[in-house]
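Participant: Okay, here's the structure, questions in a sec.
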Amino acid sequence: STQSTWGVKRRDRKTLPNMALVVEDVDFQHILRILNTNVDGRHKVMYALTRIKGIGRRFSNLLCKKAQIPLTTRAGELKEAQIETIKTILTNPGQFNIPDWFLNRQKDHKDGKNSQAVSNVLDTKLREDLERMKKMRLHRGLRHYWNIRVRGQHTKTTGRRGKQAGHKEK
């Protein structure tokens with residue numbers, strides 16, 4: 001009964017203390033709410049911010065560097081002031097020397113400005129663009145309206161599974 005398993009004898013296993021892997025901070029938040037999105041606090045900041053729609057890994061990395069947040073910190077360890085600086089950088093990326101080519105909304109059709117569309121604003125902008133293309137009867141807009149491939153793919157033989165083939169019943 002004194003057989004060794006991982007260097008601990010079986011009879012001595014019960015006496016070992018249960019130790020946590022990570023020492024929890026008092027201010028640690030497991031779930032943060034940033035821009036109408038739940039962000040997991042256990043992940044590192046750069047990867048946690050990618051849960052927000054419209055923020056990818058490269059833009060998240062740039063956000064952390066501009067906000068002077070170390071990339072090794074967890075998202076749950078962020079202070080309220082750091083979250084606010086992230087939000088201000090997102091709303092005014094030009095003031096923080098983020099180049100225009102890095103943004104996902106360049107030369108907006110309504111106001112002609114460059115911005116980073118995130119969260120529900122991104123969905124709204126996409127919907128507005130599709131409606132504009134449909135209203136102008138653009139080729140892209142019509143193909144969106146007809147629910148067929150938009151980006152030049154071949155449709156003669158592929159993509160048949162989702163739609164009903166053959167004739168319609170009367």
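How things are named: the first chain in the structure tokens is A, the next is B, and so on; residues count from 1 in each chain; ligands count from 1 in the order shown.
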Would you mind listing what lies within 8 Å of Ser115 (chain A) as a ChimeraX atom specification, with only C-alpha atoms counted and same-chain residues fewer than 2 positions away left out?
Facilitator: /A:91-93,100,103-106,113,117
Participant: For those residues, write N, CA and C atoms to a file as a PDB file, in the first residue's frame.
Facilitator:
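In the end it all went to again-v4.pdb:
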```pdb
ATOM      1  N   THR A  91     -13.178  54.882 -29.975  1.00  0.00           N
ATOM      2  CA  THR A  91     -14.027  55.939 -30.530  1.00  0.00           C
ATOM      3  C   THR A  91     -13.232  56.964 -31.326  1.00  0.00           C
ATOM      4  N   ASN A  92     -11.981  57.236 -30.918  1.00  0.00           N
ATOM      5  CA  ASN A  92     -11.147  58.221 -31.611  1.00  0.00           C
ATOM      6  C   ASN A  92      -9.786  57.619 -31.958  1.00  0.00           C
ATOM      7  N   PRO A  93      -9.718  56.713 -32.918  1.00  0.00           N
ATOM      8  CA  PRO A  93      -8.426  56.089 -33.217  1.00  0.00           C
ATOM      9  C   PRO A  93      -7.423  57.040 -33.850  1.00  0.00           C
ATOM     10  N   ASP A 100      -4.899  54.968 -40.817  1.00  0.00           N
ATOM     11  CA  ASP A 100      -6.222  54.765 -41.413  1.00  0.00           C
ATOM     12  C   ASP A 100      -6.367  53.389 -42.030  1.00  0.00           C
ATOM     13  N   LEU A 103      -7.964  50.564 -39.869  1.00  0.00           N
ATOM     14  CA  LEU A 103      -9.360  50.623 -39.432  1.00  0.00           C
ATOM     15  C   LEU A 103     -10.265  49.835 -40.376  1.00  0.00           C
ATOM     16  N   ASN A 104     -11.389  49.359 -39.844  1.00  0.00           N
ATOM     17  CA  ASN A 104     -12.282  48.537 -40.653  1.00  0.00           C
ATOM     18  C   ASN A 104     -13.381  49.349 -41.347  1.00  0.00           C
ATOM     19  N   ARG A 105     -13.449  50.635 -41.113  1.00  0.00           N
ATOM     20  CA  ARG A 105     -14.460  51.467 -41.770  1.00  0.00           C
ATOM     21  C   ARG A 105     -13.771  52.689 -42.348  1.00  0.00           C
ATOM     22  N   GLN A 106     -13.308  52.592 -43.602  1.00  0.00           N
ATOM     23  CA  GLN A 106     -12.568  53.686 -44.216  1.00  0.00           C
ATOM     24  C   GLN A 106     -13.456  54.419 -45.207  1.00  0.00           C
ATOM     25  N   LYS A 113     -15.655  59.692 -43.183  1.00  0.00           N
ATOM     26  CA  LYS A 113     -14.626  59.610 -42.156  1.00  0.00           C
ATOM     27  C   LYS A 113     -14.118  58.169 -42.023  1.00  0.00           C
ATOM     28  N   ALA A 117     -15.543  50.384 -36.605  1.00  0.00           N
ATOM     29  CA  ALA A 117     -16.899  49.997 -36.220  1.00  0.00           C
ATOM     30  C   ALA A 117     -16.827  48.720 -35.394  1.00  0.00           C
TER      31      ALA A 117
END
```
Participant: Return as JSON, numbers by chain the full set of residues in region 1-169 of chain A whose backbone-based DSSP assignment is alpha helix (DSSP H).
Facilitator: {"A": [45, 46, 47, 48, 57, 58, 59, 60, 61, 62, 63, 64, 65, 66, 80, 81, 82, 83, 84, 85, 86, 87, 88, 89, 90, 91, 119, 120, 121, 122, 123, 124, 125, 126, 127, 128, 129, 130, 131, 132, 133, 134, 135, 139, 140, 141, 142, 143, 144, 145]}
Participant: Put those residues in a file: N, CA and C atoms, as a compact mmCIF listing (two decimals), in the first residue's frame.
Facilitator:
```
# COMPACT_ATOMS: atom_id res chain seq x y z
N VAL A 45 -5.47 39.82 -22.00
CA VAL A 45 -6.21 40.98 -22.50
C VAL A 45 -6.34 40.98 -24.01
N MET A 46 -5.24 40.69 -24.70
CA MET A 46 -5.26 40.78 -26.16
C MET A 46 -6.28 39.81 -26.75
N TYR A 47 -6.33 38.59 -26.24
CA TYR A 47 -7.24 37.60 -26.79
C TYR A 47 -8.66 37.77 -26.26
N ALA A 48 -8.79 38.32 -25.07
CA ALA A 48 -10.12 38.55 -24.52
C ALA A 48 -10.86 39.64 -25.30
N ARG A 57 -7.21 40.14 -33.70
CA ARG A 57 -6.00 39.99 -32.90
C ARG A 57 -5.02 41.14 -33.11
N ARG A 58 -4.84 41.57 -34.35
CA ARG A 58 -3.87 42.65 -34.61
C ARG A 58 -4.36 43.97 -34.02
N PHE A 59 -5.65 44.26 -34.20
CA PHE A 59 -6.17 45.52 -33.67
C PHE A 59 -6.19 45.48 -32.14
N SER A 60 -6.46 44.33 -31.57
CA SER A 60 -6.45 44.18 -30.12
C SER A 60 -5.05 44.40 -29.57
N ASN A 61 -4.05 43.86 -30.26
CA ASN A 61 -2.66 44.05 -29.86
C ASN A 61 -2.30 45.53 -29.89
N LEU A 62 -2.72 46.23 -30.95
CA LEU A 62 -2.45 47.66 -31.08
C LEU A 62 -3.17 48.45 -29.98
N LEU A 63 -4.41 48.05 -29.65
CA LEU A 63 -5.16 48.72 -28.59
C LEU A 63 -4.42 48.63 -27.26
N CYS A 64 -3.93 47.42 -26.94
CA CYS A 64 -3.23 47.23 -25.67
C CYS A 64 -1.95 48.06 -25.62
N LYS A 65 -1.25 48.15 -26.74
CA LYS A 65 -0.01 48.93 -26.76
C LYS A 65 -0.30 50.43 -26.62
N LYS A 66 -1.34 50.92 -27.29
CA LYS A 66 -1.67 52.35 -27.20
C LYS A 66 -2.20 52.71 -25.82
N GLU A 80 -10.91 49.95 -14.03
CA GLU A 80 -11.97 50.67 -14.74
C GLU A 80 -11.39 51.76 -15.65
N ALA A 81 -10.32 52.41 -15.20
CA ALA A 81 -9.69 53.47 -16.00
C ALA A 81 -9.08 52.89 -17.28
N GLN A 82 -8.50 51.69 -17.20
CA GLN A 82 -7.92 51.07 -18.38
C GLN A 82 -8.99 50.70 -19.40
N ILE A 83 -10.13 50.24 -18.91
CA ILE A 83 -11.24 49.90 -19.81
C ILE A 83 -11.75 51.17 -20.50
N GLU A 84 -11.80 52.27 -19.75
CA GLU A 84 -12.24 53.53 -20.34
C GLU A 84 -11.26 54.02 -21.41
N THR A 85 -9.95 53.84 -21.19
CA THR A 85 -8.99 54.26 -22.22
C THR A 85 -9.14 53.41 -23.48
N ILE A 86 -9.43 52.12 -23.31
CA ILE A 86 -9.68 51.26 -24.48
C ILE A 86 -10.88 51.78 -25.27
N LYS A 87 -11.92 52.16 -24.55
CA LYS A 87 -13.13 52.68 -25.22
C LYS A 87 -12.85 53.99 -25.94
N THR A 88 -12.05 54.88 -25.32
CA THR A 88 -11.75 56.16 -25.98
C THR A 88 -10.87 55.95 -27.21
N ILE A 89 -9.95 54.99 -27.14
CA ILE A 89 -9.13 54.70 -28.32
C ILE A 89 -10.00 54.18 -29.45
N LEU A 90 -10.99 53.36 -29.12
CA LEU A 90 -11.89 52.83 -30.15
C LEU A 90 -12.75 53.92 -30.78
N THR A 91 -13.18 54.88 -29.98
CA THR A 91 -14.03 55.94 -30.53
C THR A 91 -13.23 56.96 -31.33
N SER A 119 -19.01 46.06 -32.39
CA SER A 119 -20.22 45.62 -31.70
C SER A 119 -21.46 45.83 -32.56
N ASN A 120 -22.52 46.41 -31.99
CA ASN A 120 -23.77 46.55 -32.72
C ASN A 120 -23.70 47.64 -33.80
N VAL A 121 -22.74 48.56 -33.70
CA VAL A 121 -22.56 49.59 -34.73
C VAL A 121 -22.11 48.94 -36.03
N LEU A 122 -21.28 47.90 -35.93
CA LEU A 122 -20.80 47.17 -37.10
C LEU A 122 -21.96 46.51 -37.83
N ASP A 123 -22.88 45.89 -37.08
CA ASP A 123 -24.06 45.27 -37.69
C ASP A 123 -24.93 46.30 -38.40
N THR A 124 -25.10 47.45 -37.75
CA THR A 124 -25.92 48.52 -38.34
C THR A 124 -25.32 49.04 -39.64
N LYS A 125 -24.00 49.26 -39.64
CA LYS A 125 -23.32 49.76 -40.84
C LYS A 125 -23.42 48.76 -41.98
N LEU A 126 -23.24 47.47 -41.68
CA LEU A 126 -23.34 46.44 -42.71
C LEU A 126 -24.75 46.40 -43.31
N ARG A 127 -25.75 46.48 -42.45
CA ARG A 127 -27.14 46.47 -42.93
C ARG A 127 -27.43 47.70 -43.79
N GLU A 128 -26.93 48.87 -43.38
CA GLU A 128 -27.12 50.09 -44.16
C GLU A 128 -26.46 49.98 -45.53
N ASP A 129 -25.25 49.40 -45.57
CA ASP A 129 -24.54 49.24 -46.85
C ASP A 129 -25.32 48.33 -47.79
N LEU A 130 -25.84 47.24 -47.26
CA LEU A 130 -26.62 46.32 -48.11
C LEU A 130 -27.88 46.98 -48.62
N GLU A 131 -28.57 47.74 -47.76
CA GLU A 131 -29.78 48.44 -48.20
C GLU A 131 -29.45 49.48 -49.26
N ARG A 132 -28.33 50.18 -49.10
CA ARG A 132 -27.92 51.18 -50.09
C ARG A 132 -27.65 50.52 -51.44
N MET A 133 -26.96 49.36 -51.42
CA MET A 133 -26.66 48.66 -52.67
C MET A 133 -27.93 48.13 -53.34
N LYS A 134 -28.89 47.67 -52.52
CA LYS A 134 -30.16 47.19 -53.09
C LYS A 134 -30.95 48.35 -53.70
N LYS A 135 -30.93 49.50 -53.01
CA LYS A 135 -31.68 50.65 -53.49
C LYS A 135 -31.11 51.19 -54.79
N HIS A 139 -25.06 45.47 -58.74
CA HIS A 139 -24.95 44.03 -58.97
C HIS A 139 -24.83 43.28 -57.64
N ARG A 140 -23.96 43.79 -56.75
CA ARG A 140 -23.79 43.17 -55.44
C ARG A 140 -25.08 43.19 -54.64
N GLY A 141 -25.79 44.32 -54.69
CA GLY A 141 -27.03 44.44 -53.94
C GLY A 141 -28.10 43.48 -54.43
N LEU A 142 -28.19 43.35 -55.76
CA LEU A 142 -29.18 42.42 -56.32
C LEU A 142 -28.86 40.99 -55.93
N ARG A 143 -27.61 40.61 -55.96
CA ARG A 143 -27.25 39.24 -55.60
C ARG A 143 -27.48 38.97 -54.12
N HIS A 144 -27.30 39.99 -53.29
CA HIS A 144 -27.69 39.84 -51.88
C HIS A 144 -29.19 39.66 -51.76
N TYR A 145 -29.94 40.42 -52.53
CA TYR A 145 -31.39 40.35 -52.49
C TYR A 145 -31.89 38.98 -52.94
```
Participant: Hey, can you check how far CA of Lys44 (chain A) sits from CA of Lys79 (chain A)?
Facilitator: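 It comes out at 14.0 Å.
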Participant: Within 10 Å of His43 (chain A), counting only C-alpha atoms, which residues qualify if same-chain residues fewer than 2 places away don't, as a list in words?
Facilitator: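 Counting only the stated atoms, we get His30, Val39, Asp40, Gly41, Val45, Met46, Tyr47, Ala48, Leu49, Thr72, Thr73, Arg74, Ala75 and Gly76 of chain A.
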Participant: Next, write the just-selected residues to a file, as a short mmCIF file (atom, residue, chain, number, x, y, z; two decimals), in the first residue's frame, keeping all heavy atoms as the atom set.
Facilitator:
```
data_model
loop_
_atom_site.label_atom_id
_atom_site.label_comp_id
_atom_site.auth_asym_id
_atom_site.auth_seq_id
_atom_site.Cartn_x
_atom_site.Cartn_y
_atom_site.Cartn_z
N HIS A 30 -14.41 37.82 -13.31
CA HIS A 30 -14.40 36.67 -14.21
C HIS A 30 -15.05 36.99 -15.55
O HIS A 30 -14.65 36.45 -16.58
CB HIS A 30 -15.10 35.47 -13.57
CG HIS A 30 -14.28 34.87 -12.47
ND1 HIS A 30 -13.23 34.02 -12.71
CD2 HIS A 30 -14.33 35.03 -11.12
CE1 HIS A 30 -12.68 33.66 -11.57
NE2 HIS A 30 -13.32 34.26 -10.59
N VAL A 39 -16.91 39.64 -21.90
CA VAL A 39 -15.52 39.31 -22.14
C VAL A 39 -15.04 38.44 -20.99
O VAL A 39 -15.25 38.77 -19.82
CB VAL A 39 -14.67 40.60 -22.25
CG1 VAL A 39 -13.21 40.27 -22.37
CG2 VAL A 39 -15.12 41.43 -23.43
N ASP A 40 -14.41 37.32 -21.32
CA ASP A 40 -13.92 36.38 -20.31
C ASP A 40 -12.70 36.96 -19.62
O ASP A 40 -11.70 37.28 -20.26
CB ASP A 40 -13.58 35.04 -20.97
CG ASP A 40 -13.39 33.93 -19.96
OD1 ASP A 40 -13.40 34.23 -18.74
OD2 ASP A 40 -13.24 32.76 -20.36
N GLY A 41 -12.75 37.10 -18.30
CA GLY A 41 -11.67 37.71 -17.55
C GLY A 41 -10.48 36.81 -17.35
O GLY A 41 -9.41 37.27 -16.96
N VAL A 45 -5.47 39.82 -22.00
CA VAL A 45 -6.21 40.98 -22.50
C VAL A 45 -6.34 40.98 -24.01
O VAL A 45 -7.42 41.19 -24.55
CB VAL A 45 -5.52 42.29 -22.04
CG1 VAL A 45 -6.28 43.49 -22.54
CG2 VAL A 45 -5.42 42.35 -20.55
N MET A 46 -5.24 40.69 -24.70
CA MET A 46 -5.26 40.78 -26.16
C MET A 46 -6.28 39.81 -26.75
O MET A 46 -7.03 40.16 -27.66
CB MET A 46 -3.87 40.48 -26.70
CG MET A 46 -3.77 40.59 -28.19
SD MET A 46 -2.13 40.17 -28.75
CE MET A 46 -2.53 39.16 -30.14
N TYR A 47 -6.33 38.59 -26.24
CA TYR A 47 -7.24 37.60 -26.79
C TYR A 47 -8.66 37.77 -26.26
O TYR A 47 -9.63 37.42 -26.92
CB TYR A 47 -6.72 36.20 -26.52
CG TYR A 47 -5.43 35.95 -27.24
CD1 TYR A 47 -4.21 36.01 -26.58
CD2 TYR A 47 -5.41 35.71 -28.60
CE1 TYR A 47 -3.03 35.81 -27.26
CE2 TYR A 47 -4.23 35.53 -29.29
CZ TYR A 47 -3.04 35.57 -28.60
OH TYR A 47 -1.87 35.40 -29.29
N ALA A 48 -8.79 38.32 -25.07
CA ALA A 48 -10.12 38.55 -24.52
C ALA A 48 -10.86 39.64 -25.30
O ALA A 48 -12.07 39.55 -25.51
CB ALA A 48 -10.02 38.94 -23.04
N LEU A 49 -10.13 40.66 -25.75
CA LEU A 49 -10.77 41.75 -26.50
C LEU A 49 -11.27 41.29 -27.88
O LEU A 49 -12.14 41.92 -28.45
CB LEU A 49 -9.80 42.92 -26.68
CG LEU A 49 -9.52 43.75 -25.44
CD1 LEU A 49 -8.48 44.81 -25.73
CD2 LEU A 49 -10.78 44.39 -24.91
N THR A 72 0.70 40.63 -20.86
CA THR A 72 0.67 39.45 -20.00
C THR A 72 -0.46 39.48 -18.98
O THR A 72 -0.74 38.47 -18.36
CB THR A 72 2.00 39.31 -19.26
OG1 THR A 72 2.26 40.51 -18.53
CG2 THR A 72 3.14 39.05 -20.23
N THR A 73 -1.11 40.63 -18.80
CA THR A 73 -2.17 40.72 -17.80
C THR A 73 -3.43 40.04 -18.30
O THR A 73 -3.70 39.96 -19.50
CB THR A 73 -2.50 42.18 -17.46
OG1 THR A 73 -2.91 42.84 -18.66
CG2 THR A 73 -1.34 42.90 -16.84
N ARG A 74 -4.21 39.54 -17.37
CA ARG A 74 -5.50 38.93 -17.67
C ARG A 74 -6.55 40.03 -17.77
O ARG A 74 -6.42 41.10 -17.17
CB ARG A 74 -5.89 37.93 -16.58
CG ARG A 74 -4.86 36.86 -16.33
CD ARG A 74 -4.98 35.77 -17.34
NE ARG A 74 -3.85 34.84 -17.24
CZ ARG A 74 -3.67 33.83 -18.05
NH1 ARG A 74 -4.49 33.62 -19.05
NH2 ARG A 74 -2.65 33.03 -17.92
N ALA A 75 -7.62 39.74 -18.51
CA ALA A 75 -8.66 40.76 -18.71
C ALA A 75 -9.38 41.06 -17.41
O ALA A 75 -9.84 42.19 -17.19
CB ALA A 75 -9.64 40.30 -19.77
N GLY A 76 -9.49 40.09 -16.50
CA GLY A 76 -10.16 40.32 -15.23
C GLY A 76 -9.39 41.24 -14.30
O GLY A 76 -9.95 41.76 -13.34
#
```
Participant: I need the residue nearest Arg51 (chain A) from this list: A:Val26, A:Leu78, A:Leu71, A:Ile31. Use only C-alpha atoms for the distance.
Facilitator: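 Selected residue with least distance to Arg51 (chain A): A:Ile31.
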Participant: Please, what distance in Å, to one decimal, runs between CA of Glu77 (chain A) and CA of Asp27 (chain A)?
Facilitator: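 Straight-line distance from CA of Glu77 (chain A) to CA of Asp27 (chain A) works out to 6.9 Å.
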Participant: Just the strand (DSSP E or B) stuff from region 32-109 of chain A, please, per backbone DSSP, written as a list in words.
Facilitator: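 Written out, the strand (DSSP E or B) residues of region 32-109 of chain A are Leu32, Arg33, Ile34, Thr37, Asn38, Val39, Asp40, Lys44, Arg74 and Arg105 of chain A.
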Participant: Store the residues of this selection in a file with N, CA, C and O atoms, as a PDB file, in the first residue's frame.
Facilitator:
```pdb
ATOM      1  N   LEU A  32     -16.277  40.450 -17.812  1.00  0.00           N
ATOM      2  CA  LEU A  32     -16.375  41.902 -17.943  1.00  0.00           C
ATOM      3  C   LEU A  32     -17.411  42.219 -19.010  1.00  0.00           C
ATOM      4  O   LEU A  32     -17.609  41.445 -19.949  1.00  0.00           O
ATOM      5  N   ARG A  33     -18.035  43.361 -18.891  1.00  0.00           N
ATOM      6  CA  ARG A  33     -18.986  43.814 -19.907  1.00  0.00           C
ATOM      7  C   ARG A  33     -18.370  45.020 -20.599  1.00  0.00           C
ATOM      8  O   ARG A  33     -18.284  46.107 -20.018  1.00  0.00           O
ATOM      9  N   ILE A  34     -17.885  44.804 -21.829  1.00  0.00           N
ATOM     10  CA  ILE A  34     -17.269  45.888 -22.590  1.00  0.00           C
ATOM     11  C   ILE A  34     -18.003  46.003 -23.919  1.00  0.00           C
ATOM     12  O   ILE A  34     -18.078  45.031 -24.668  1.00  0.00           O
ATOM     13  N   THR A  37     -20.709  43.439 -24.841  1.00  0.00           N
ATOM     14  CA  THR A  37     -20.182  42.095 -25.065  1.00  0.00           C
ATOM     15  C   THR A  37     -19.616  41.561 -23.762  1.00  0.00           C
ATOM     16  O   THR A  37     -18.921  42.277 -23.043  1.00  0.00           O
ATOM     17  N   ASN A  38     -19.898  40.296 -23.470  1.00  0.00           N
ATOM     18  CA  ASN A  38     -19.300  39.655 -22.308  1.00  0.00           C
ATOM     19  C   ASN A  38     -17.895  39.202 -22.677  1.00  0.00           C
ATOM     20  O   ASN A  38     -17.706  38.483 -23.643  1.00  0.00           O
ATOM     21  N   VAL A  39     -16.913  39.641 -21.901  1.00  0.00           N
ATOM     22  CA  VAL A  39     -15.517  39.312 -22.141  1.00  0.00           C
ATOM     23  C   VAL A  39     -15.037  38.437 -20.990  1.00  0.00           C
ATOM     24  O   VAL A  39     -15.253  38.772 -19.818  1.00  0.00           O
ATOM     25  N   ASP A  40     -14.406  37.315 -21.321  1.00  0.00           N
ATOM     26  CA  ASP A  40     -13.923  36.380 -20.309  1.00  0.00           C
ATOM     27  C   ASP A  40     -12.699  36.959 -19.615  1.00  0.00           C
ATOM     28  O   ASP A  40     -11.702  37.275 -20.260  1.00  0.00           O
ATOM     29  N   LYS A  44      -6.014  36.307 -21.479  1.00  0.00           N
ATOM     30  CA  LYS A  44      -5.133  37.470 -21.533  1.00  0.00           C
ATOM     31  C   LYS A  44      -5.832  38.582 -22.307  1.00  0.00           C
ATOM     32  O   LYS A  44      -6.677  38.318 -23.152  1.00  0.00           O
ATOM     33  N   ARG A  74      -4.206  39.545 -17.370  1.00  0.00           N
ATOM     34  CA  ARG A  74      -5.500  38.933 -17.671  1.00  0.00           C
ATOM     35  C   ARG A  74      -6.553  40.028 -17.769  1.00  0.00           C
ATOM     36  O   ARG A  74      -6.421  41.097 -17.174  1.00  0.00           O
ATOM     37  N   ARG A 105     -13.449  50.635 -41.113  1.00  0.00           N
ATOM     38  CA  ARG A 105     -14.460  51.467 -41.770  1.00  0.00           C
ATOM     39  C   ARG A 105     -13.771  52.689 -42.348  1.00  0.00           C
ATOM     40  O   ARG A 105     -13.631  53.711 -41.680  1.00  0.00           O
TER      41      ARG A 105
END
```
Participant: Between CA of Ala67 (chain A) and CA of Asp108 (chain A), what is the distance, to one decimal in Å?
Facilitator: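 Computed distance, CA of Ala67 (chain A) to CA of Asp108 (chain A), equals 25.7 Å.
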